[in-house]
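The file target.pdb comes next; it holds PDB, C-alpha atoms.
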ATOM      1  CA  MET A  28      -7.219  30.782 -25.153
ATOM      2  CA  ASN A  29      -5.960  27.454 -26.399
ATOM      3  CA  ASP A  30      -3.417  25.329 -24.585
ATOM      4  CA  THR A  31      -1.524  22.262 -25.666
ATOM      5  CA  PRO A  32      -1.916  19.168 -23.520
ATOM      6  CA  LEU A  33       0.822  17.611 -21.415
ATOM      7  CA  ILE A  34       2.863  15.342 -23.687
ATOM      8  CA  ILE A  35       5.508  13.022 -22.250
ATOM      9  CA  ALA A  36       7.644  10.988 -24.641
ATOM     10  CA  GLY A  37       5.021  11.312 -27.381
ATOM     11  CA  THR A  38       2.043  10.338 -25.225
ATOM     12  CA  THR A  39      -0.680  12.901 -24.563
ATOM     13  CA  TYR A  40      -2.211  13.099 -21.087
ATOM     14  CA  LYS A  41      -5.617  14.415 -20.109
ATOM     15  CA  SER A  42      -4.438  16.792 -17.394
ATOM     16  CA  ARG A  43      -1.335  18.259 -15.798
ATOM     17  CA  LEU A  44      -1.767  16.658 -12.403
ATOM     18  CA  ILE A  45      -0.091  13.406 -11.386
ATOM     19  CA  LEU A  46      -1.330  11.946  -8.132
ATOM     20  CA  GLY A  47       0.259   9.513  -5.720
ATOM     21  CA  THR A  48      -1.631   6.643  -4.108
ATOM     22  CA  GLY A  49       0.108   6.473  -0.734
ATOM     23  CA  LYS A  50      -1.049   7.413   2.774
ATOM     24  CA  TYR A  51      -4.827   7.342   2.203
ATOM     25  CA  LYS A  52      -6.884   6.173   5.184
ATOM     26  CA  THR A  53      -8.835   3.730   3.010
ATOM     27  CA  PHE A  54      -8.696   2.462  -0.562
ATOM     28  CA  GLU A  55     -12.221   3.841  -1.097
ATOM     29  CA  LEU A  56     -11.037   7.354  -0.190
ATOM     30  CA  MET A  57      -8.073   6.988  -2.501
ATOM     31  CA  GLN A  58     -10.293   5.920  -5.375
ATOM     32  CA  GLN A  59     -12.699   8.829  -4.869
ATOM     33  CA  ALA A  60      -9.822  11.313  -4.611
ATOM     34  CA  LEU A  61      -8.202   9.984  -7.788
ATOM     35  CA  GLU A  62     -11.482  10.304  -9.630
ATOM     36  CA  ALA A  63     -12.128  13.825  -8.315
ATOM     37  CA  SER A  64      -8.625  14.957  -9.307
ATOM     38  CA  ASP A  65      -8.946  14.051 -12.993
ATOM     39  CA  ALA A  66      -5.290  12.998 -12.729
ATOM     40  CA  ALA A  67      -3.206  12.355 -15.828
ATOM     41  CA  MET A  68      -1.449   9.452 -14.138
ATOM     42  CA  VAL A  69      -1.216   7.775 -10.776
ATOM     43  CA  THR A  70       2.011   6.716  -9.132
ATOM     44  CA  VAL A  71       2.421   3.402  -7.341
ATOM     45  CA  ALA A  72       5.230   1.793  -5.373
ATOM     46  CA  VAL A  73       6.402  -1.792  -5.729
ATOM     47  CA  ARG A  74       6.971  -3.862  -2.635
ATOM     48  CA  ARG A  75       7.163  -7.458  -1.507
ATOM     49  CA  VAL A  76       3.849  -9.266  -1.188
ATOM     50  CA  ASP A  77       3.134  -9.514   2.536
ATOM     51  CA  MET A  78       2.618 -13.228   3.076
ATOM     52  CA  LYS A  79       0.901 -12.676   6.433
ATOM     53  CA  ASP A  80      -1.380  -9.789   5.562
ATOM     54  CA  ARG A  81      -3.007  -9.987   2.155
ATOM     55  CA  SER A  82      -5.245  -6.930   2.585
ATOM     56  CA  SER A  83      -3.007  -4.780   0.383
ATOM     57  CA  GLN A  84      -3.644  -7.080  -2.561
ATOM     58  CA  SER A  85      -7.008  -5.446  -3.245
ATOM     59  CA  PHE A  86      -5.236  -2.092  -3.864
ATOM     60  CA  TRP A  87      -5.295  -2.838  -7.579
ATOM     61  CA  ASN A  88      -9.106  -2.909  -7.691
ATOM     62  CA  TYR A  89      -9.341   0.702  -6.527
ATOM     63  CA  LEU A  90      -7.241   2.278  -9.273
ATOM     64  CA  PRO A  91      -9.441   4.013 -11.857
ATOM     65  CA  LYS A  92      -9.231   1.883 -14.982
ATOM     66  CA  ASP A  93      -8.530   4.746 -17.380
ATOM     67  CA  MET A  94      -5.596   6.235 -15.464
ATOM     68  CA  PRO A  95      -2.101   5.334 -16.668
ATOM     69  CA  ILE A  96       0.124   3.968 -13.926
ATOM     70  CA  LEU A  97       3.531   5.435 -13.171
ATOM     71  CA  PRO A  98       5.510   3.064 -10.953
ATOM     72  CA  ASN A  99       8.241   4.559  -8.792
ATOM     73  CA  THR A 100      11.500   3.377  -7.291
ATOM     74  CA  ALA A 101      10.748   5.012  -3.946
ATOM     75  CA  GLY A 102      12.847   3.821  -1.062
ATOM     76  CA  CYS A 103      15.896   3.029  -3.200
ATOM     77  CA  TYR A 104      19.190   4.493  -2.026
ATOM     78  CA  THR A 105      21.400   3.301  -4.884
ATOM     79  CA  ALA A 106      21.185   3.363  -8.671
ATOM     80  CA  GLU A 107      21.510  -0.418  -8.618
ATOM     81  CA  ASP A 108      18.412  -0.867  -6.422
ATOM     82  CA  ALA A 109      16.448   1.648  -8.484
ATOM     83  CA  ILE A 110      17.313  -0.205 -11.695
ATOM     84  CA  ARG A 111      16.280  -3.540 -10.172
ATOM     85  CA  THR A 112      13.012  -2.039  -8.948
ATOM     86  CA  ALA A 113      12.334  -0.445 -12.356
ATOM     87  CA  ARG A 114      12.796  -3.777 -14.128
ATOM     88  CA  LEU A 115      10.428  -5.510 -11.700
ATOM     89  CA  ALA A 116       7.907  -2.691 -12.131
ATOM     90  CA  ARG A 117       8.011  -3.068 -15.901
ATOM     91  CA  GLU A 118       7.377  -6.801 -15.621
ATOM     92  CA  LEU A 119       4.615  -6.221 -13.080
ATOM     93  CA  LEU A 120       2.751  -3.336 -14.697
ATOM     94  CA  GLU A 121       3.629  -3.775 -18.363
ATOM     95  CA  THR A 122       4.674  -0.157 -18.743
ATOM     96  CA  ASP A 123       7.940   1.454 -19.782
ATOM     97  CA  LEU A 124       7.181   4.462 -17.592
ATOM     98  CA  ILE A 125       9.270   4.744 -14.457
ATOM     99  CA  LYS A 126       9.623   7.483 -11.892
ATOM    100  CA  VAL A 127      13.239   7.124 -10.863
ATOM    101  CA  GLU A 128      13.880   7.998  -7.249
ATOM    102  CA  VAL A 129      17.297   7.477  -5.740
ATOM    103  CA  ILE A 130      17.166   8.886  -2.248
ATOM    104  CA  GLY A 131      20.259  10.298  -0.596
ATOM    105  CA  ASP A 132      19.135  10.897   2.955
ATOM    106  CA  PRO A 133      16.171   9.733   5.087
ATOM    107  CA  LYS A 134      15.615  13.042   6.907
ATOM    108  CA  THR A 135      15.241  15.259   3.854
ATOM    109  CA  LEU A 136      14.464  12.542   1.293
ATOM    110  CA  PHE A 137      16.527  14.656  -1.062
ATOM    111  CA  PRO A 138      17.648  12.796  -4.141
ATOM    112  CA  ASP A 139      21.132  11.416  -4.644
ATOM    113  CA  VAL A 140      21.505  13.163  -7.986
ATOM    114  CA  GLU A 141      24.578  11.184  -8.962
ATOM    115  CA  GLY A 142      22.737   7.894  -8.437
ATOM    116  CA  THR A 143      19.667   9.310 -10.148
ATOM    117  CA  LEU A 144      21.721  10.214 -13.214
ATOM    118  CA  GLN A 145      23.417   6.817 -13.270
ATOM    119  CA  ALA A 146      20.083   4.959 -13.055
ATOM    120  CA  THR A 147      18.544   7.236 -15.688
ATOM    121  CA  LYS A 148      21.342   6.543 -18.169
ATOM    122  CA  ILE A 149      20.995   2.781 -17.836
ATOM    123  CA  LEU A 150      17.195   2.679 -17.832
ATOM    124  CA  VAL A 151      16.965   4.933 -20.898
ATOM    125  CA  LYS A 152      19.245   2.483 -22.718
ATOM    126  CA  GLU A 153      16.916  -0.331 -21.685
ATOM    127  CA  GLY A 154      13.980   1.443 -23.316
ATOM    128  CA  PHE A 155      12.341   2.930 -20.247
ATOM    129  CA  THR A 156      10.588   6.298 -20.312
ATOM    130  CA  VAL A 157      12.361   7.805 -17.333
ATOM    131  CA  LEU A 158      10.785  10.517 -15.183
ATOM    132  CA  PRO A 159      13.464  11.331 -12.603
ATOM    133  CA  TYR A 160      12.735  12.937  -9.242
ATOM    134  CA  THR A 161      15.615  15.332  -8.793
ATOM    135  CA  SER A 162      16.869  18.345  -6.904
ATOM    136  CA  ASP A 163      16.366  21.888  -8.141
ATOM    137  CA  ASP A 164      19.953  21.998  -9.411
ATOM    138  CA  PRO A 165      19.851  23.172 -13.048
ATOM    139  CA  ILE A 166      23.224  21.552 -13.766
ATOM    140  CA  TYR A 167      22.002  18.062 -12.882
ATOM    141  CA  ALA A 168      18.694  18.794 -14.590
ATOM    142  CA  LYS A 169      20.661  19.418 -17.776
ATOM    143  CA  LYS A 170      22.662  16.231 -17.313
ATOM    144  CA  LEU A 171      19.455  14.230 -16.815
ATOM    145  CA  GLU A 172      17.969  15.703 -19.964
ATOM    146  CA  GLU A 173      21.120  14.878 -21.915
ATOM    147  CA  ALA A 174      20.922  11.332 -20.557
ATOM    148  CA  GLY A 175      17.498  10.976 -22.160
ATOM    149  CA  ALA A 176      15.110  11.698 -19.282
ATOM    150  CA  ALA A 177      11.546  12.175 -20.586
ATOM    151  CA  THR A 178      10.811  14.837 -17.978
ATOM    152  CA  ILE A 179      12.693  16.712 -15.290
ATOM    153  CA  MET A 180      10.971  16.522 -11.914
ATOM    154  CA  PRO A 181      12.550  18.878  -9.393
ATOM    155  CA  LEU A 182      11.311  18.972  -5.835
ATOM    156  CA  ALA A 183       9.804  22.232  -4.586
ATOM    157  CA  ALA A 184      10.139  21.295  -0.903
ATOM    158  CA  PRO A 185      10.896  18.038   0.936
ATOM    159  CA  ILE A 186       8.651  15.080   0.044
ATOM    160  CA  GLY A 187       5.546  14.990   2.222
ATOM    161  CA  SER A 188       6.392  18.283   3.952
ATOM    162  CA  GLY A 189       3.656  20.385   2.356
ATOM    163  CA  GLN A 190       5.826  23.472   2.664
ATOM    164  CA  GLY A 191       4.878  24.806  -0.741
ATOM    165  CA  ILE A 192       7.070  26.138  -3.547
ATOM    166  CA  LEU A 193      10.260  27.151  -1.735
ATOM    167  CA  ASN A 194      12.439  27.484  -4.812
ATOM    168  CA  PRO A 195      10.750  29.448  -7.605
ATOM    169  CA  LEU A 196      14.046  30.800  -8.929
ATOM    170  CA  PRO A 197      15.900  27.477  -9.438
ATOM    171  CA  VAL A 198      12.730  25.963 -10.905
ATOM    172  CA  ARG A 199      12.610  28.842 -13.388
ATOM    173  CA  PHE A 200      16.264  28.266 -14.316
ATOM    174  CA  ILE A 201      15.434  24.624 -15.028
ATOM    175  CA  LEU A 202      12.345  25.610 -17.004
ATOM    176  CA  GLU A 203      14.269  28.026 -19.155
ATOM    177  CA  GLN A 204      16.856  25.480 -20.259
ATOM    178  CA  SER A 205      14.688  22.351 -20.582
ATOM    179  CA  LYS A 206      13.214  21.024 -23.792
ATOM    180  CA  VAL A 207      11.386  18.203 -22.002
ATOM    181  CA  PRO A 208       8.435  18.824 -19.653
ATOM    182  CA  VAL A 209       9.366  20.083 -16.186
ATOM    183  CA  ILE A 210       7.095  18.670 -13.500
ATOM    184  CA  VAL A 211       7.259  19.807  -9.893
ATOM    185  CA  ASP A 212       7.477  16.659  -7.792
ATOM    186  CA  ALA A 213       6.989  17.115  -4.049
ATOM    187  CA  GLY A 214       6.378  20.059  -1.775
ATOM    188  CA  VAL A 215       2.867  21.181  -2.639
ATOM    189  CA  GLY A 216       0.665  21.607   0.453
ATOM    190  CA  THR A 217      -2.511  23.179  -0.829
ATOM    191  CA  ALA A 218      -4.189  24.372  -4.012
ATOM    192  CA  SER A 219      -2.529  27.807  -4.040
ATOM    193  CA  ASP A 220       0.878  26.063  -4.071
ATOM    194  CA  ALA A 221      -0.235  24.106  -7.137
ATOM    195  CA  ALA A 222      -1.385  27.320  -8.812
ATOM    196  CA  LEU A 223       1.875  29.073  -7.922
ATOM    197  CA  ALA A 224       3.958  26.264  -9.412
ATOM    198  CA  MET A 225       1.883  26.249 -12.583
ATOM    199  CA  GLU A 226       2.202  30.046 -12.858
ATOM    200  CA  LEU A 227       5.964  29.574 -13.105
ATOM    201  CA  GLY A 228       5.265  27.709 -16.333
ATOM    202  CA  VAL A 229       5.915  24.121 -15.301
ATOM    203  CA  ALA A 230       4.222  21.449 -17.393
ATOM    204  CA  GLY A 231       2.660  19.627 -14.475
ATOM    205  CA  ILE A 232       2.715  18.729 -10.807
ATOM    206  CA  LEU A 233       3.133  15.432  -9.012
ATOM    207  CA  MET A 234       1.762  15.277  -5.488
ATOM    208  CA  ASN A 235       0.543  12.800  -2.923
ATOM    209  CA  THR A 236       0.514  13.867   0.734
ATOM    210  CA  ALA A 237      -1.237  17.211   0.146
ATOM    211  CA  VAL A 238      -4.286  15.266  -0.999
ATOM    212  CA  ALA A 239      -3.986  12.109   1.094
ATOM    213  CA  GLU A 240      -3.481  13.954   4.381
ATOM    214  CA  ALA A 241      -6.031  16.717   3.790
ATOM    215  CA  GLN A 242      -8.975  16.631   6.207
ATOM    216  CA  ASP A 243     -11.147  15.819   3.207
ATOM    217  CA  PRO A 244      -8.919  14.221   0.565
ATOM    218  CA  VAL A 245     -11.671  14.048  -2.056
ATOM    219  CA  ALA A 246     -12.421  17.777  -1.796
ATOM    220  CA  MET A 247      -8.688  18.589  -1.807
ATOM    221  CA  ALA A 248      -8.195  16.433  -4.904
ATOM    222  CA  GLU A 249     -10.781  18.533  -6.689
ATOM    223  CA  ALA A 250      -9.235  21.753  -5.331
ATOM    224  CA  MET A 251      -5.879  20.631  -6.735
ATOM    225  CA  LYS A 252      -7.445  19.984 -10.109
ATOM    226  CA  TRP A 253      -8.722  23.579 -10.179
ATOM    227  CA  GLY A 254      -5.503  24.956  -8.678
ATOM    228  CA  VAL A 255      -3.461  23.386 -11.455
ATOM    229  CA  MET A 256      -5.884  24.623 -14.107
ATOM    230  CA  ALA A 257      -6.048  28.158 -12.662
ATOM    231  CA  GLY A 258      -2.268  28.388 -12.432
ATOM    232  CA  ARG A 259      -1.827  27.122 -15.956
ATOM    233  CA  LYS A 260      -4.349  29.599 -17.310
ATOM    234  CA  ALA A 261      -2.711  32.465 -15.432
ATOM    235  CA  PHE A 262       0.687  31.475 -16.822
ATOM    236  CA  LEU A 263      -0.677  31.494 -20.362
ATOM    237  CA  ALA A 264      -2.523  34.762 -19.737
ATOM    238  CA  GLY A 265       0.650  36.471 -18.570
ATOM    239  CA  ARG A 266       0.599  38.395 -15.332
ATOM    240  CA  MET A 267       0.659  42.201 -15.120
ATOM    241  CA  ALA A 268       3.877  44.011 -14.306
ATOM    242  CA  LYS A 269       4.421  44.654 -10.598
ATOM    243  CA  LYS A 270       4.440  48.308  -9.582
ATOM    244  CA  PHE A 271       5.957  49.957  -6.532
ATOM    245  CA  ALA A 272       2.971  52.177  -5.685
ATOM    246  CA  ALA A 273      -0.780  52.140  -6.218
ATOM    247  CA  SER A 274      -2.303  52.773  -9.602
ATOM    248  CA  ALA A 275      -6.002  53.711  -9.489
ATOM    249  CA  SER A 276      -8.365  51.482 -11.372
ATOM    250  CA  SER A 277     -11.076  54.143 -11.694
ATOM    251  CA  PRO A 278     -10.651  57.218 -13.939
ATOM    252  CA  MET A 279      -9.210  60.364 -12.388
ATOM    253  CA  THR A 280     -11.420  62.607 -14.546
ATOM    254  CA  GLY A 281     -15.091  63.546 -14.133
ATOM    255  CA  GLN A 282     -15.015  63.420 -10.389
ATOM    256  CA  LEU A 283     -17.372  65.513  -8.294
ATOM    257  CA  THR A 284     -15.813  68.588  -6.789
ATOM    258  CA  PRO A 285     -14.864  67.690  -3.256
ATOM    259  CA  LEU A 286     -17.117  69.264  -0.635
ATOM    260  CA  THR A 287     -15.354  71.933   1.355
ATOM    261  CA  LYS A 288     -15.706  72.138   5.098
TER     262      LYS A 288
ATOM    263  CA  MET B  21      13.753 -28.122   0.834
ATOM    264  CA  ASN B  22      14.488 -24.631   2.079
ATOM    265  CA  ILE B  23      14.261 -21.395   0.177
ATOM    266  CA  VAL B  24      14.191 -17.715   1.069
ATOM    267  CA  LEU B  25      10.857 -16.152   0.168
ATOM    268  CA  ASN B  26      10.529 -12.374   0.340
ATOM    269  CA  GLY B  27      13.352 -12.218   2.832
ATOM    270  CA  ASP B  28      12.103 -14.984   5.141
ATOM    271  CA  PRO B  29      13.143 -18.638   5.252
ATOM    272  CA  LYS B  30      10.495 -20.998   3.940
ATOM    273  CA  GLU B  31      10.337 -24.760   3.911
ATOM    274  CA  LEU B  32       8.794 -26.501   0.925
ATOM    275  CA  THR B  33       7.644 -30.095   1.218
ATOM    276  CA  ALA B  34       8.497 -31.019  -2.354
ATOM    277  CA  PRO B  35      10.277 -29.511  -5.328
ATOM    278  CA  LEU B  36       7.890 -27.380  -7.342
ATOM    279  CA  THR B  37       7.649 -24.835 -10.126
ATOM    280  CA  LEU B  38       7.240 -21.130  -9.580
ATOM    281  CA  GLN B  39       3.654 -21.413 -10.804
ATOM    282  CA  GLU B  40       2.947 -24.126  -8.229
ATOM    283  CA  LEU B  41       4.499 -21.983  -5.507
ATOM    284  CA  LEU B  42       2.294 -19.028  -6.475
ATOM    285  CA  ASP B  43      -0.770 -21.297  -6.511
ATOM    286  CA  GLN B  44       0.148 -22.659  -3.097
ATOM    287  CA  LEU B  45       0.477 -19.098  -1.775
ATOM    288  CA  GLN B  46      -2.857 -18.223  -3.418
ATOM    289  CA  ILE B  47      -1.371 -15.327  -5.348
ATOM    290  CA  PRO B  48      -3.532 -14.267  -8.292
ATOM    291  CA  PHE B  49      -1.873 -14.452 -11.707
ATOM    292  CA  GLY B  50      -0.863 -11.167 -13.295
ATOM    293  CA  ARG B  51      -0.776  -9.118 -10.100
ATOM    294  CA  VAL B  52       2.820  -9.844  -9.141
ATOM    295  CA  ALA B  53       6.307  -9.918 -10.580
ATOM    296  CA  CYS B  54       8.799 -12.581  -9.572
ATOM    297  CA  GLU B  55      12.522 -12.782  -9.236
ATOM    298  CA  VAL B  56      14.519 -15.928  -8.576
ATOM    299  CA  ASN B  57      18.119 -15.379  -7.524
ATOM    300  CA  LEU B  58      17.958 -11.765  -8.777
ATOM    301  CA  LYS B  59      16.684 -12.822 -12.212
ATOM    302  CA  ILE B  60      13.214 -11.697 -13.262
ATOM    303  CA  ILE B  61      11.058 -14.591 -14.392
ATOM    304  CA  ARG B  62       8.601 -13.564 -17.097
ATOM    305  CA  ARG B  63       5.034 -14.759 -16.621
ATOM    306  CA  ALA B  64       5.295 -17.118 -19.568
ATOM    307  CA  PHE B  65       8.015 -19.048 -17.739
ATOM    308  CA  TYR B  66       6.357 -19.516 -14.342
ATOM    309  CA  ALA B  67       5.235 -23.022 -15.212
ATOM    310  CA  THR B  68       8.666 -24.116 -16.419
ATOM    311  CA  THR B  69      10.802 -22.513 -13.711
ATOM    312  CA  LEU B  70      11.736 -25.066 -11.103
ATOM    313  CA  ILE B  71      12.404 -23.766  -7.598
ATOM    314  CA  GLN B  72      15.526 -25.336  -6.159
ATOM    315  CA  GLU B  73      17.119 -25.721  -2.741
ATOM    316  CA  GLY B  74      18.496 -22.396  -1.483
ATOM    317  CA  ASP B  75      16.775 -20.267  -4.101
ATOM    318  CA  VAL B  76      16.056 -16.674  -3.177
ATOM    319  CA  VAL B  77      12.567 -15.863  -4.404
ATOM    320  CA  GLU B  78      11.023 -12.412  -4.450
ATOM    321  CA  ILE B  79       7.350 -11.856  -5.191
ATOM    322  CA  ILE B  80       6.443  -8.199  -5.513
ATOM    323  CA  GLN B  81       3.234  -6.269  -6.028
ATOM    324  CA  ALA B  82       2.036  -2.709  -6.595
ATOM    325  CA  ILE B  83       0.982  -0.757  -3.516
ATOM    326  CA  GLY B  84       0.129   2.826  -2.691
ATOM    327  CA  GLY B  85       2.988   5.262  -3.052
ATOM    328  CA  GLY B  86       4.041   8.598  -4.437
TER     329      GLY B  86
END

What do you get writing this file as structure tokens?
Amino acid sequence: MNDTPLIIAGTTYKSRLILGTGKYKTFELMQQALEASDAAMVTVAVRRVDMKDRSSQSFWNYLPKDMPILPNTAGCYTAEDAIRTARLARELLETDLIKVEVIGDPKTLFPDVEGTLQATKILVKEGFTVLPYTSDDPIYAKKLEEAGAATIMPLAAPIGSGQGILNPLPVRFILEQSKVPVIVDAGVGTASDAALAMELGVAGILMNTAVAEAQDPVAMAEAMKWGVMAGRKAFLAGRMAKKFAASASSPMTGQLTPLTK
Amino acid sequence: MNIVLNGDPKELTAPLTLQELLDQLQIPFGRVACEVNLKIIRRAFYATTLIQEGDVVEIIQAIGGG
């Protein structure tokens, strides 16, 4: 069975998994996990250079050379800050790609969808390819698409919570109406969550903590790669209809006559 | 001369360009983006951008994140 690759704003990617680079115990572990995942892209954050501790400067050397970089605006609470961060990221990384994150609340890290929409509108006008992290609200998803977002990236559970896909129905509503790729961003905890999300028909998954905080991040990265591929294949294959009661898999004819007592 | 560098006050002994400031801080070229008074300075202009008294300078880099 043939599948089309993930295409975002005209660019083809080698897989349907986007991996974050935060929270790894060491840069070496991060590098090995990224390589094992066969990720389409890796996300990075932009922050001030720490003038006292330069150890983070070697981060760059551990990113696989062939993986496109998707900078984010993580930590921004207003459209204004997200726009500023996006512009700096473009100058820094020489890419028009930006994962727009405008956070509304530190406990849930849910997006401020109004700010997200505002930032998306402006950044699209400035020529960015905007991948917005958003809620599972189909109405705002539609507004983001109309504003020129290159993807819609609804959360499936709070960022870093690993609770899995809590909202299959709203994600399906978004999928049904969207003409741009829908990518689940946040919530995945293990490979079966990745498969479940892909079985809904989403175009890809963005995750970080599920890999970085696994006991063995490199093995989990590979598990996620297979989880995404298995889920995608199952979606394309089309699942069987659910039935209320059992339906025997072996023929009912030609059976031996039951022994009588 | 006093400036604000990445949120902290910093004293500079003499006026200098952004490129000279980056050299002094031993920041490798091409791995950062810079803003002076909220305006992004493109790499091509580092050598011609003079840092002045009271300037607010931001030097940012890529780090791990989701």

Close residues, Leu97 in chain A itself excluded, 7 Å, all atoms listed in the file, min 4 positions apart in chain, as an mmCIF file with C-alpha atoms, in the frame of the given file:
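Listing of part.cif after writing:
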data_model
loop_
_atom_site.group_PDB
_atom_site.id
_atom_site.type_symbol
_atom_site.label_atom_id
_atom_site.label_comp_id
_atom_site.auth_asym_id
_atom_site.auth_seq_id
_atom_site.Cartn_x
_atom_site.Cartn_y
_atom_site.Cartn_z
ATOM 1 C CA MET A 68 -1.449 9.452 -14.138
ATOM 2 C CA VAL A 69 -1.216 7.775 -10.776
ATOM 3 C CA THR A 70 2.011 6.716 -9.132
ATOM 4 C CA VAL A 71 2.421 3.402 -7.341
ATOM 5 C CA LEU A 124 7.181 4.462 -17.592
ATOM 6 C CA ILE A 125 9.270 4.744 -14.457
ATOM 7 C CA LYS A 126 9.623 7.483 -11.892
#

CA of Gly102 in chain A to CA of Ile192 in chain A, distance in Å rounded to a single decimal: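 Those two atoms sit 23.2 Å apart.
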
Chain B contacts on chain A, all atoms listed in the file, 9 Å, as a ChimeraX atom specification: /A:46-51,69-78,83-84,86-87,98-99,101,111,114-120,233-236

Contact residues around Thr37 in chain B with all atoms listed in the file at 12 Å, ignoring same-chain residues under 3 positions, as a list in words: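 Near neighbours after the sequence-gap exclusion: Leu32, Ala34, Glu40, Leu41, Leu42, Asp43, Gln44, Val56, Ile61, Phe65, Tyr66, Ala67, Thr68, Thr69, Leu70, Ile71, Gln72, Asp75 and Val77 of chain B.
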
Given the PyMOL selection byres ((chain A and resi 196) around 12), the residues it picks as a list in words: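 Given this file, the PyMOL selection byres ((chain A and resi 196) around 12) evaluates to Asp163, Asp164, Pro165, Ala183, Ile192, Leu193, Asn194, Pro195, Pro197, Val198, Arg199, Phe200, Ile201, Leu202, Glu203, Ala224, Leu227 and Gly228 of chain A.
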
Interatomic distance, CA of Glu240 in chain A to CA of Gly191 in chain A (Å, one decimal):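 Going from CA of Glu240 in chain A over to CA of Gly191 in chain A covers 14.6 Å.
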
Output check: residues returned by the PyMOL selection byres ((chain A and resi 91) around 10), as a ChimeraX atom specification: /A:57-59,61-62,66,68-69,87-90,92-96

Next, write the just-selected residues to a file, as a JSON list (two decimals), in the coordinates of the input, keeping C-alpha atoms as the atom set.
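Final output, part28.json:
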[["chain", "number", "residue", "atom", "x", "y", "z"],
["A", 57, "MET", "CA", -8.07, 6.99, -2.50],
["A", 58, "GLN", "CA", -10.29, 5.92, -5.38],
["A", 59, "GLN", "CA", -12.70, 8.83, -4.87],
["A", 61, "LEU", "CA", -8.20, 9.98, -7.79],
["A", 62, "GLU", "CA", -11.48, 10.30, -9.63],
["A", 66, "ALA", "CA", -5.29, 13.00, -12.73],
["A", 68, "MET", "CA", -1.45, 9.45, -14.14],
["A", 69, "VAL", "CA", -1.22, 7.78, -10.78],
["A", 87, "TRP", "CA", -5.30, -2.84, -7.58],
["A", 88, "ASN", "CA", -9.11, -2.91, -7.69],
["A", 89, "TYR", "CA", -9.34, 0.70, -6.53],
["A", 90, "LEU", "CA", -7.24, 2.28, -9.27],
["A", 92, "LYS", "CA", -9.23, 1.88, -14.98],
["A", 93, "ASP", "CA", -8.53, 4.75, -17.38],
["A", 94, "MET", "CA", -5.60, 6.24, -15.46],
["A", 95, "PRO", "CA", -2.10, 5.33, -16.67],
["A", 96, "ILE", "CA", 0.12, 3.97, -13.93]]

Need the shell around Val127 in chain A: protein/DNA/RNA residues with any atom at most 9 Å away, counting all atoms listed in the file. Skip same-chain ones fewer than 5 positions apart. Format as a PDB file with C-alpha atoms, in the coordinates of the input?
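The new file selection_32.pdb reads:
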ATOM      1  CA  PRO A  98       5.510   3.064 -10.953  1.00  0.00           C
ATOM      2  CA  ASN A  99       8.241   4.559  -8.792  1.00  0.00           C
ATOM      3  CA  THR A 100      11.500   3.377  -7.291  1.00  0.00           C
ATOM      4  CA  ALA A 101      10.748   5.012  -3.946  1.00  0.00           C
ATOM      5  CA  ALA A 109      16.448   1.648  -8.484  1.00  0.00           C
ATOM      6  CA  ILE A 110      17.313  -0.205 -11.695  1.00  0.00           C
ATOM      7  CA  ALA A 113      12.334  -0.445 -12.356  1.00  0.00           C
ATOM      8  CA  THR A 143      19.667   9.310 -10.148  1.00  0.00           C
ATOM      9  CA  ALA A 146      20.083   4.959 -13.055  1.00  0.00           C
ATOM     10  CA  THR A 147      18.544   7.236 -15.688  1.00  0.00           C
ATOM     11  CA  VAL A 157      12.361   7.805 -17.333  1.00  0.00           C
ATOM     12  CA  LEU A 158      10.785  10.517 -15.183  1.00  0.00           C
ATOM     13  CA  PRO A 159      13.464  11.331 -12.603  1.00  0.00           C
ATOM     14  CA  TYR A 160      12.735  12.937  -9.242  1.00  0.00           C
ATOM     15  CA  THR A 161      15.615  15.332  -8.793  1.00  0.00           C
TER      16      THR A 161
END

Leu136 in chain A surroundings by only C-alpha atoms, 12 Å radius, close-in-sequence under 4 positions cut, as an NGL selection string: :A and (101-104 or 128-132 or 140 or 160-162 or 182 or 184-188 or 213-214)

Write out, as a tab-separated table (two decimals), keeping the file's coordinate frame, the residues just selected, with C-alpha atoms.
chain	number	residue	atom	x	y	z
A	101	ALA	CA	10.75	5.01	-3.95
A	102	GLY	CA	12.85	3.82	-1.06
A	103	CYS	CA	15.90	3.03	-3.20
A	104	TYR	CA	19.19	4.49	-2.03
A	128	GLU	CA	13.88	8.00	-7.25
A	129	VAL	CA	17.30	7.48	-5.74
A	130	ILE	CA	17.17	8.89	-2.25
A	131	GLY	CA	20.26	10.30	-0.60
A	132	ASP	CA	19.14	10.90	2.96
A	140	VAL	CA	21.50	13.16	-7.99
A	160	TYR	CA	12.74	12.94	-9.24
A	161	THR	CA	15.62	15.33	-8.79
A	162	SER	CA	16.87	18.34	-6.90
A	182	LEU	CA	11.31	18.97	-5.84
A	184	ALA	CA	10.14	21.30	-0.90
A	185	PRO	CA	10.90	18.04	0.94
A	186	ILE	CA	8.65	15.08	0.04
A	187	GLY	CA	5.55	14.99	2.22
A	188	SER	CA	6.39	18.28	3.95
A	213	ALA	CA	6.99	17.11	-4.05
A	214	GLY	CA	6.38	20.06	-1.78

Between CA of Val24 in chain B and CA of Pro133 in chain A, distance in Å (one decimal): 27.8 Å

Distance criterion (all atoms listed in the file): nearest to Ala246 in chain A out of A:Ala218, A:Leu144, A:Ala273, A:Met279: A:Ala218
